[in-house]
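Containing compact mmCIF, C-alpha atoms: coords_10.txt.
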```
# COMPACT_ATOMS: atom_id res chain seq x y z
CA MET A 1 -25.34 236.05 110.65
CA SER A 2 -23.00 234.39 113.14
CA ARG A 3 -24.15 231.25 114.91
CA VAL A 4 -24.82 231.60 118.65
CA PRO A 5 -23.58 228.53 120.54
CA VAL A 6 -26.31 226.79 122.56
CA PRO A 7 -24.98 224.92 125.59
CA LEU A 8 -26.60 221.64 126.62
CA ARG A 9 -26.67 220.56 130.25
CA SER A 10 -28.11 217.44 131.78
CA PRO A 11 -28.39 216.69 135.48
CA ASP A 12 -27.65 212.96 134.91
CA ILE A 13 -25.58 211.54 132.03
CA SER A 14 -27.02 208.03 132.51
CA THR A 15 -30.63 209.18 132.08
CA PHE A 16 -29.55 211.37 129.19
CA ALA A 17 -27.79 208.48 127.37
CA ARG A 18 -30.71 206.09 128.00
CA SER A 19 -33.14 208.61 126.48
CA VAL A 20 -30.96 209.12 123.39
CA ALA A 21 -30.55 205.34 122.93
CA ARG A 22 -34.31 204.79 123.23
CA GLN A 23 -35.03 207.48 120.63
CA MET A 24 -32.42 206.07 118.22
CA LYS A 25 -33.77 202.50 118.53
CA SER A 26 -37.31 203.68 117.76
CA ARG A 27 -35.98 205.52 114.74
CA GLY A 28 -34.23 202.58 113.06
CA ASP A 29 -31.85 204.33 110.65
CA ALA A 30 -29.28 207.06 111.37
CA PRO A 31 -30.89 210.41 112.24
CA SER A 32 -30.16 213.61 110.34
CA HIS A 33 -28.31 216.48 111.97
CA VAL A 34 -31.56 218.28 112.93
CA GLU A 35 -33.19 215.07 114.16
CA LEU A 36 -30.12 214.30 116.31
CA MET A 37 -30.23 217.81 117.82
CA ASN A 38 -33.92 217.32 118.63
CA MET A 39 -33.15 213.94 120.24
CA LEU A 40 -30.37 215.44 122.38
CA ALA A 41 -32.62 218.35 123.43
CA LYS A 42 -35.42 215.91 124.37
CA ALA A 43 -32.97 213.81 126.36
CA ALA A 44 -32.06 216.95 128.34
CA GLY A 45 -35.74 217.57 129.15
CA PHE A 46 -36.76 219.98 126.39
CA GLN A 47 -39.54 219.51 123.81
CA ASN A 48 -37.10 219.91 120.91
CA PHE A 49 -34.02 221.86 119.85
CA GLN A 50 -36.05 225.05 119.25
CA HIS A 51 -37.28 224.88 122.86
CA LEU A 52 -33.69 224.42 124.11
CA ARG A 53 -32.44 227.38 122.05
CA ALA A 54 -35.33 229.63 123.14
CA SER A 55 -34.70 228.73 126.79
CA HIS A 56 -30.98 229.48 126.45
CA SER A 57 -31.66 232.84 124.75
CA ALA A 58 -34.11 233.84 127.49
CA GLY A 59 -31.54 232.88 130.13
CA ARG A 60 -28.91 235.07 128.47
CA ARG A 61 -31.30 238.02 128.34
CA LEU A 62 -32.20 237.59 132.01
CA ASP A 63 -28.56 237.26 133.07
CA THR A 64 -27.34 240.40 131.33
CA GLU A 65 -26.34 243.13 133.70
CA PRO A 66 -28.85 245.96 134.05
CA VAL A 67 -27.78 249.36 132.81
CA VAL A 68 -25.94 251.05 135.65
CA GLU A 69 -27.06 254.59 136.32
CA THR A 70 -24.25 257.03 136.85
CA VAL A 71 -24.30 260.04 139.13
CA ASP A 72 -23.43 263.44 137.68
CA HIS A 73 -20.92 264.23 140.44
CA ARG A 74 -20.25 267.71 139.06
CA LEU A 75 -23.92 268.61 139.48
CA VAL A 76 -23.97 267.14 143.00
CA GLU A 77 -20.83 269.14 143.83
CA ARG A 78 -22.46 272.36 142.59
CA ALA A 79 -25.49 271.67 144.77
CA LEU A 80 -23.31 270.77 147.79
CA ASN A 81 -21.57 274.14 147.46
CA GLN A 82 -24.93 275.82 148.13
CA PHE A 83 -25.11 274.37 151.66
CA ASP A 84 -23.25 275.32 154.83
CA ASP A 85 -21.60 272.92 157.28
CA LEU A 86 -24.91 272.36 159.08
CA GLY A 87 -26.64 271.34 155.83
CA ARG A 88 -28.61 274.58 155.39
CA LEU A 89 -29.17 276.13 151.98
CA VAL A 90 -27.16 279.37 152.01
CA SER A 91 -28.60 281.10 148.94
CA TRP A 92 -31.00 280.38 146.09
CA PRO A 93 -28.93 278.94 143.18
CA SER A 94 -29.10 280.55 139.76
CA ARG A 95 -29.04 277.30 137.73
CA ARG A 96 -32.33 275.43 137.54
CA GLN A 97 -30.70 271.98 137.76
CA VAL A 98 -28.99 272.95 141.00
CA GLN A 99 -32.21 274.51 142.33
CA VAL A 100 -34.06 271.25 141.74
CA LEU A 101 -31.40 269.22 143.58
CA CYS A 102 -31.52 271.65 146.50
CA LEU A 103 -35.31 271.33 146.61
CA TRP A 104 -34.95 267.57 146.91
CA GLN A 105 -32.77 268.10 149.98
CA LEU A 106 -35.45 270.34 151.52
CA TRP A 107 -38.09 267.75 150.57
CA SER A 108 -36.13 265.16 152.57
CA LEU A 109 -36.47 267.35 155.70
CA ILE A 110 -40.28 267.20 155.59
CA PRO A 111 -41.62 264.23 157.58
CA ALA A 112 -43.24 261.57 155.39
CA GLY A 113 -47.01 261.23 155.83
CA ALA A 114 -47.28 264.28 158.09
CA SER A 115 -50.06 266.80 157.58
CA LEU A 116 -48.63 270.26 158.23
CA ARG A 117 -50.08 273.74 158.41
CA GLU A 118 -48.42 276.56 156.49
CA LYS A 119 -46.77 277.84 159.66
CA GLU A 120 -45.27 274.39 160.37
CA ILE A 121 -43.96 273.90 156.83
CA ASN A 122 -42.42 277.39 157.00
CA MET A 123 -40.64 276.49 160.25
CA LEU A 124 -39.19 273.33 158.68
CA LEU A 125 -38.01 275.26 155.63
CA LYS A 126 -36.54 278.05 157.81
CA GLU A 127 -34.42 275.43 159.58
CA GLY A 128 -33.20 274.15 156.20
CA HIS A 129 -32.07 277.45 154.70
CA CYS A 130 -30.38 280.77 155.62
CA PHE A 131 -31.83 283.38 153.25
CA ALA A 132 -35.23 283.81 154.94
CA ASP A 133 -37.60 283.06 152.06
CA PRO A 134 -39.66 279.99 152.99
CA ALA A 135 -42.48 281.16 150.70
CA LEU A 136 -40.22 280.85 147.63
CA LEU A 137 -39.13 277.37 148.68
CA ARG A 138 -42.69 276.30 149.49
CA ARG A 139 -43.93 277.46 146.07
CA GLU A 140 -41.02 275.77 144.28
CA LEU A 141 -41.57 272.49 146.12
CA PHE A 142 -45.25 272.64 145.18
CA SER A 143 -44.61 273.50 141.52
CA LEU A 144 -42.07 270.67 141.24
CA GLY A 145 -44.65 268.21 142.60
CA LEU A 146 -42.67 267.49 145.77
CA LEU A 147 -45.26 269.06 148.05
CA HIS A 148 -49.04 268.81 147.98
CA ARG A 149 -51.36 271.41 149.48
CA ASN A 150 -55.08 272.04 149.78
CA ARG A 151 -56.55 274.86 147.72
CA ASP A 152 -56.89 277.00 150.85
CA CYS A 153 -53.24 276.23 151.81
CA SER A 154 -54.40 274.73 155.11
CA ASP A 155 -52.77 271.33 154.70
CA TYR A 156 -49.32 270.53 153.30
CA ARG A 157 -48.01 267.01 152.68
CA ARG A 158 -44.79 265.72 151.22
CA GLN A 159 -45.39 263.87 147.93
CA GLU A 160 -43.75 260.47 148.31
CA GLN A 161 -41.62 259.49 145.33
CA GLN A 162 -38.18 258.14 144.52
CA PRO A 163 -35.66 260.97 144.28
CA PRO A 164 -33.40 260.99 141.20
CA LEU A 165 -29.93 259.49 141.56
CA GLU A 166 -28.17 262.85 142.02
CA ALA A 167 -30.72 263.92 144.65
CA ARG A 168 -30.21 260.69 146.59
CA ASP A 169 -26.45 261.26 146.52
CA LEU A 170 -26.82 264.87 147.66
CA ILE A 171 -29.19 263.92 150.51
CA LYS A 172 -26.80 261.20 151.66
CA ARG A 173 -23.78 263.51 151.58
CA LEU A 174 -25.57 266.30 153.46
CA LYS A 175 -26.80 263.82 156.07
CA GLY A 176 -23.18 262.73 156.56
CA ARG A 177 -22.08 266.36 156.78
CA SER A 178 -24.65 267.19 159.48
CA LEU A 179 -23.71 264.05 161.44
CA GLU A 180 -20.06 265.13 161.37
CA SER A 181 -20.94 268.61 162.64
CA GLU A 182 -23.12 267.11 165.42
CA THR A 183 -20.28 264.79 166.45
CA GLY A 184 -17.82 267.68 166.41
CA SER A 185 -20.08 269.90 168.54
CA SER A 186 -20.78 267.15 171.06
CA ALA A 187 -17.07 266.43 171.35
CA MET A 188 -16.53 270.08 172.26
CA SER A 189 -18.92 269.80 175.20
CA PHE A 190 -16.69 267.18 176.83
CA ILE A 191 -13.60 269.39 176.98
CA VAL A 192 -12.54 269.84 180.60
CA ARG A 193 -11.39 273.35 181.37
CA PRO A 194 -8.86 273.86 184.14
CA SER A 195 -10.19 275.81 187.08
CA ALA A 196 -8.74 279.25 187.66
```

Mind turning this structure into structure tokens?
Amino acid sequence: MSRVPVPLRSPDISTFARSVARQMKSRGDAPSHVELMNMLAKAAGFQNFQHLRASHSAGRRLDTEPVVETVDHRLVERALNQFDDLGRLVSWPSRRQVQVLCLWQLWSLIPAGASLREKEINMLLKEGHCFADPALLRRELFSLGLLHRNRDCSDYRRQEQQPPLEARDLIKRLKGRSLESETGSSAMSFIVRPSA
């Protein structure tokens, strides 16, 4: 087993040296290696060398970088290909992974905390897709746990939760796409036509 170096820091060298000198005077004879390490650790404000080493190990564990999640860009690209320039779902994808990502996009269109009737949720879903099947999308959102409804289907609510990384990326990209199309359409309205 390789030895892990344990750094020793002291805010004030004078206080540190005075503490070591005091401990050595009380000892009388020369300390052993372990006793000297304990003295140095105490001078730095620790109980003993074990306490210093445990503190250093905990600091290293806390300072390690967290595992970085990576986006499956290929999956996001496949899902993006299912949407038109206005951010509407063009057709129901055949792959389940892509379906789920597309459902997250539709979930993001539902207002948080709003209580909606079936007719209202259908209107929102109709605005978010082009293939005229809001019932399919409503059922899929419910079965995936993204939408909650009463038993009598009178009240629909979006289930608040953190979307997966790929879903967050897709939502962000589609939001950017719809902003670009809005900017482009508003720019067209400012074109001055010459009078005939």

- Query: Of the candidates A:Leu52, A:Leu80, A:Leu116, A:Ile13, which shows the shortest atom-to-atom distance to A:Leu101, using all atoms listed in the file?
  - Reply: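 Smallest distance to A:Leu101 is found for A:Leu80.
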
Could you give me, as a CSV table (one decimal) with C-alpha atoms, in the frame of the given file, the residues within 8 Å of stretch 43-45 of chain A, counting all atoms listed in the file and dropping anything in the same chain fewer than 3 positions from it?
```csv
chain,number,residue,atom,x,y,z
A,8,LEU,CA,-26.6,221.6,126.6
A,9,ARG,CA,-26.7,220.6,130.2
A,10,SER,CA,-28.1,217.4,131.8
A,15,THR,CA,-30.6,209.2,132.1
A,16,PHE,CA,-29.6,211.4,129.2
A,17,ALA,CA,-27.8,208.5,127.4
A,19,SER,CA,-33.1,208.6,126.5
A,20,VAL,CA,-31.0,209.1,123.4
A,39,MET,CA,-33.2,213.9,120.2
A,40,LEU,CA,-30.4,215.4,122.4
```

- Message: Can you measure atom CA of A:Gly113 to atom CA of A:Leu146 for me? One decimal in Å is fine.
- Response: 12.6 Å

- Counting all atoms listed in the file, what is within 7 Å of stretch 131-133 of chain A, bar same-chain residues fewer than 4 positions away, as a list of chain:residue names?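 The contact residues come out as A:Val90, A:Ser91, A:Lys126, A:Leu137.
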
- Item | Exercise: residues within 12 Å of coordinate (-37.0, 216.8, 115.8), counting only C-alpha atoms, as a VMD selection string | chain A and resid 23 to 24 27 31 to 43 46 to 52

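Comparing A:Met123, A:His129, A:Arg18, A:Gly176 by their smallest distance to A:Asp84, the closest is A:His129 (using only C-alpha atoms).
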
- Query: Which one is closest to A:Asn81: A:Arg173, A:Arg3, A:Arg139, A:Arg117? Count only C-alpha atoms.
  - Reply: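 Among A:Arg173, A:Arg3, A:Arg139, A:Arg117, it is A:Arg173 that comes nearest to A:Asn81.
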
- Note on the structure: Min atom-atom distance to A:Arg88 from the set A:Asp12, A:Asp72, A:Glu127, A:Asp63, counting all atoms listed in the file, belongs to A:Glu127

Surrounding residues of A:Gly59 excluding itself and chain neighbours under 5 positions, 12 Å, only C-alpha atoms, as a PDB file with C-alpha atoms, in the frame of the given file:
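As a result, part_22.pdb now contains:
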```
ATOM      1  CA  VAL A   6     -26.310 226.790 122.560  1.00  0.00           C
ATOM      2  CA  PRO A   7     -24.980 224.920 125.590  1.00  0.00           C
ATOM      3  CA  LEU A  52     -33.690 224.420 124.110  1.00  0.00           C
ATOM      4  CA  ARG A  53     -32.440 227.380 122.050  1.00  0.00           C
ATOM      5  CA  ALA A  54     -35.330 229.630 123.140  1.00  0.00           C
ATOM      6  CA  THR A  64     -27.340 240.400 131.330  1.00  0.00           C
TER       7      THR A  64
END
```

- atom CA of A:Gln97 to atom CA of A:Val71: how many Å, to one decimal? 13.6 Å

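If you look at atom CA of A:Phe142 and atom CA of A:Glu118, they are 12.4 Å away from each other.
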
- From the list A:Val4, A:Leu136, A:Cys153, A:Val76, which residue is nearest A:Arg168 when using only C-alpha atoms?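 Of A:Val4, A:Leu136, A:Cys153, A:Val76, the one nearest A:Arg168, counting only C-alpha atoms, is A:Val76.
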
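Distance check against A:Gly145 using all atoms listed in the file: of A:Leu125, A:Leu109, A:Leu170, A:Leu103, the minimum falls on A:Leu103.
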